[in-house]
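This report refers to the structure that appears directly beneath it.
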Amino acid sequence: MSKKLYTYLLILICFCCSALNAQTTKDSIALPQVIIELETNYKYNFSYADHDIKEVYVPLYNKEMPFIDILGFLEANTSLVFKIVSDKFIAITKKRSILTPEKIEELETILISNYLARGISKKDQGTFEVNFDNFGVLPGLIEPDALQTLRALPGVESINEKISDLNIRGGTQDQNLVLWDGIRMYQSGHFFGLISAINPYMTQRVSLIKNGTNSAYGNSVSGIISLATSDQIEKDFHAEAGVNYLSVYGLVDVPVFKNSSVKIAARSSINGVFKTPTYNQYYDRAFQNTEITDNEQSVKSNDEFSFYDLSLRWLYQASKKDFFRFNVIYLDNDLSFLENAMVDNQVNTKTSKLSQSSLGVGLFYKRAWSDVFKTKLQYYFSDYRLDSKNANAITSQDLAQENDVIENSFKFITSWKLDPSLQWENGLDFIKTRIDNVQKMTNPLSGNFSQLYATNYALFSTLSFKSNDLRTSVQLGSRLNYFEEFNLFLFEPRFSLNQKVVEHLSFEFLGEVKSQSSTQIIDFQKDFLGIENRRWQLSDQEEVPILKSYQLSLGVHYHKNNWLASTEAYTKKIKGITSRSQGFQDQYEYASLIGDYYIRGIDFLLKRRFGRLNAWASYSLTNNDYTFKSISEEAFDSNIEITNSLSFTTSYEYDQLKISGGVKWRSGKHYTPISAEGLANNQFDYLAPNSVDLDSYVRVDFSASKQFPIHPKINAYAGISIWNVLDTKNIVNTYYERRNDKIFTVKQEGLGITPNLIFRLMF
């Protein structure tokens, strides 16, 4: 079946499925859809906890009724209260009983709701939050994938299309701090980075901090990505099951005791049963130009690949003041294949394999000692392992490589509300990290082993002020780090200011200083079979310094009458980078240089809502330069600089039907060319580093989905997405190789047209 015919068939299936089941919704309508209609037709905005209205359906109402009567109708047909709190806002809350536990946390102030799509908000301290309980739709996305969703925000890119390689304001992926319910994740991708490894159905919300980081966060010089499960204790049994063209998943959320529930989810690749065209596309993309495909002197066979993840979350409300959460997560990617070669007129067969896994365990406890004083206690254990065996059938040489990260962390936070407008937070953070790197070779026998430790103690404090009219929000914080192995103190001030100038216009000023003691490096591009060639390495303050970052940004936001215009300008400098962490594939590939990079950029966003239709355009302009003073005082373009990035997106929602399409265009990646002669002194004759650009990257994406009831207690969800609808050939990287004294230009392509289909049942 041709790609085009295959794509058309999927679209037809999706819309036939929607049409077939549309009859089931004639007598009811989803409450989130009612809220959208009311916000469109009236002047009010609704404020609510997303889990309170999730999967709530109400009978069809008479749209000619007065607005107050509509609210009364909704109250009568739900367990919710609709309270008009001002001439602009209506609060939706659950009808409370005397047994309902008190809420310990206060809601943060939302500056801009529905920032791009429904469910994406911008908070008052520069934080972006995505809540998947009431999420809209984005092009190419049919699952609530947290990392995929963040890539739609201005200032967040992926130079190589890998979801695990998010470049936040020009930073590399290892400079991001990725947390799942407070547990640091050193692995965030399945398919060796192409799709998110965090189960999307366990994640309720994700927060992104690009600047003005709260002082409670440490050990990261770029963005903070915090994924969180719901803290809502389930009172009734809830289960889900679903399948798409890459994986199958199942989930249960079960009440255990009176105030306790357990949520368990599992997901696994489906290629062990059958291989879809979607799987084949991802497979070809993940393993192109690697050990699996590059060796022309041997034959690869019996390749087997699989991924899976398991996650568990237990909640327990011990009393109105005490709350516990326990988490476990396990991620795994496994690849093995046979290499066959003729040696001395005999077939020699060797098995190569690669395994990538992560285990995380977390314990969280919070207590409200009084209305004004609260404490939090967080502990986590994180273990990341990358193991490979590269067996060469021609030379009978085996190379085994291992990278292991073990981390324990303890954090204690106190929160004291000095008055209704002022809150003071203080805490202690302890992080102990061990990283092992092993390399063993046979024929000839050799090897090396390294084990490094990093012990980080930190004291942090944050003072937060919010004016009574919510026009002014200020956060002043500081973090004092002590690195025991180097007897080194680092002071990190941080701040955020948001000021509403007039009713619909506000500006924000953010700044931070941060540090990081671990990084990912590449010794050789073919390490770990060339698939996941980055290994974690701790700082030694000689070849790998502790990273330090300094950032300032200024933003202006205008939001009125369904219009949103936003501009953010920033400057960021990272000091102490090593060239081995930047992925050079030119004259600096085997160099060990220490330097800096300096980023200046500006992000623009313009959005307009037309009833049920949203349309927005974003543009980012970036200048990202390296400086390695040991070779030159002159700066040159970064390997991950994307000078221009433009996207245009539309989305439409009606009665749980969601459709979205978008165009992504960006400048081509920089690369280093070679001279016309190609070689000098029997080596590549490279010209100025990163002095030429690849062709521009262009991609059109589409997605459509619909949720519908098929039984009073069962809801179904069907969706389709098409990545790169036009099948554009995008080159995401290029470099040179020498084979048999001939020079070859290697061009790594991005994903071609890649459809995906999903079907879910929710009980």
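Identifiers in the structure tokens: chain A, B, ... in order shown; residue index from 1 per chain; ligand index from 1 in order shown.
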
**Request:** Find the residues around Ser703 (chain A) up to 8 Å (only C-alpha atoms counted), leave out those fewer than 2 positions away in its own chain, and share them as a list of chain:residue names.
**Result:**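 Neighbouring residues, sequence-local ones excluded: A:Val137, A:Leu138, A:Pro139, A:Gly140, A:Leu141, A:Ile142, A:Ile659, A:Ser660, A:Gly661, A:Asp701, A:Ser705, A:Gly719, A:Ile720, A:Ser721, A:Ile722.
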
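For Tyr316 (chain A), the non-local neighbours within 6 Å, defined as residues at least 5 positions apart in the same chain or in other chains and counting only C-alpha atoms, are Asn259, Ser260, Phe323 and Phe324 of chain A.
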
**Prompt:** How many Å separate CA of Phe507 (chain A) from CA of Gly555 (chain A)?
**Reply:**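 Distance between the two atoms: 5.4 Å.
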
**Asked** Which residue, A:Ala216, A:Ile264, A:Val502, A:Leu726, has the smallest gap to Leu428 (chain A) when you use only C-alpha atoms?
**Response** A:Ala216

**Message:** Using only C-alpha atoms, can you tell me which of A:Ser446, A:Ser196, A:Asn498, A:Ser222 comes closest to Gln173 (chain A)?
**Reply:**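 Among the listed residues, A:Ser222 lies closest to Gln173 (chain A).
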
**Fill in**
re CA of Phe702 (chain A) and CA of Ala146 (chain A): distance 17.9 Å

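Residue nearest Lys122 (chain A) within the list A:Ile68, A:Leu208, A:Leu354, A:Ala368: A:Leu208 [criterion: smallest interatomic distance, only C-alpha atoms].
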
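Computed from the coordinates, the CA of Gly242 (chain A) to CA of Ser79 (chain A) distance equals 28.7 Å.
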
**Request:** Using DSSP on the backbone, list every residue of region 193-278 of chain A that comes out as strand (DSSP E), and give them as a count of residues only.
**Result:** 38

Need to verify the contact set: Arg471 (chain A), 10 Å, only C-alpha atoms, exclusion of same-chain residues closer than 4 positions in sequence. Can you return it as a short mmCIF file (atom, residue, chain, number, x, y, z; two decimals) with C-alpha atoms, in the first residue's frame?
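Result saved to result_4.cif:
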data_model
loop_
_atom_site.label_atom_id
_atom_site.label_comp_id
_atom_site.auth_asym_id
_atom_site.auth_seq_id
_atom_site.Cartn_x
_atom_site.Cartn_y
_atom_site.Cartn_z
CA LEU A 111 -1.68 35.51 34.03
CA ASP A 124 2.81 34.91 37.33
CA LYS A 466 1.54 39.27 45.57
CA SER A 467 -0.45 42.46 45.88
CA ASN A 498 5.49 40.67 37.01
CA GLN A 499 3.67 43.98 36.90
CA LYS A 500 0.31 44.74 35.32
CA VAL A 501 0.68 48.25 33.89
CA VAL A 502 -2.91 48.68 32.76
CA GLU A 503 -5.84 46.29 32.71
CA SER A 506 1.76 43.52 31.79
#

Under the rule of at most 9 Å, produce a per-residue listing of region 532-560 of chain A near region 448-456 of chain A: chain, number, name, the closest pair of atoms, and the distance in Å, as a Markdown table, using only C-alpha atoms.
| residue | atom | partner | partner_atom | distance |
| --- | --- | --- | --- | --- |
| A:Gln537 | CA | A:Leu452 | CA | 8.2 |
| A:Leu538 | CA | A:Leu452 | CA | 6.4 |
| A:Ser539 | CA | A:Ala454 | CA | 8.0 |
| A:Asp540 | CA | A:Leu452 | CA | 8.2 |

Based on the selection just made, write C-alpha atoms of those residues as an mmCIF file, in the first residue's frame.
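The result, written out as part-v2.cif:
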data_model
loop_
_atom_site.group_PDB
_atom_site.id
_atom_site.type_symbol
_atom_site.label_atom_id
_atom_site.label_comp_id
_atom_site.auth_asym_id
_atom_site.auth_seq_id
_atom_site.Cartn_x
_atom_site.Cartn_y
_atom_site.Cartn_z
ATOM 1 C CA GLN A 537 30.081 12.458 33.293
ATOM 2 C CA LEU A 538 30.608 14.289 36.588
ATOM 3 C CA SER A 539 32.663 17.436 36.834
ATOM 4 C CA ASP A 540 36.280 17.079 37.934
#

**Nearest candidate to Pro255 (chain A) (options A:Phe584, A:Phe89, A:Phe763, A:Trp314; using only C-alpha atoms)** = A:Trp314

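When DSSP reads the backbone of this structure, the residues of region 179-290 of chain A it assigns to alpha helix (DSSP H) are Pro277, Thr278, Tyr279, Asn280, Gln281, Tyr282, Tyr283, Asp284, Arg285, Ala286 and Phe287 of chain A.
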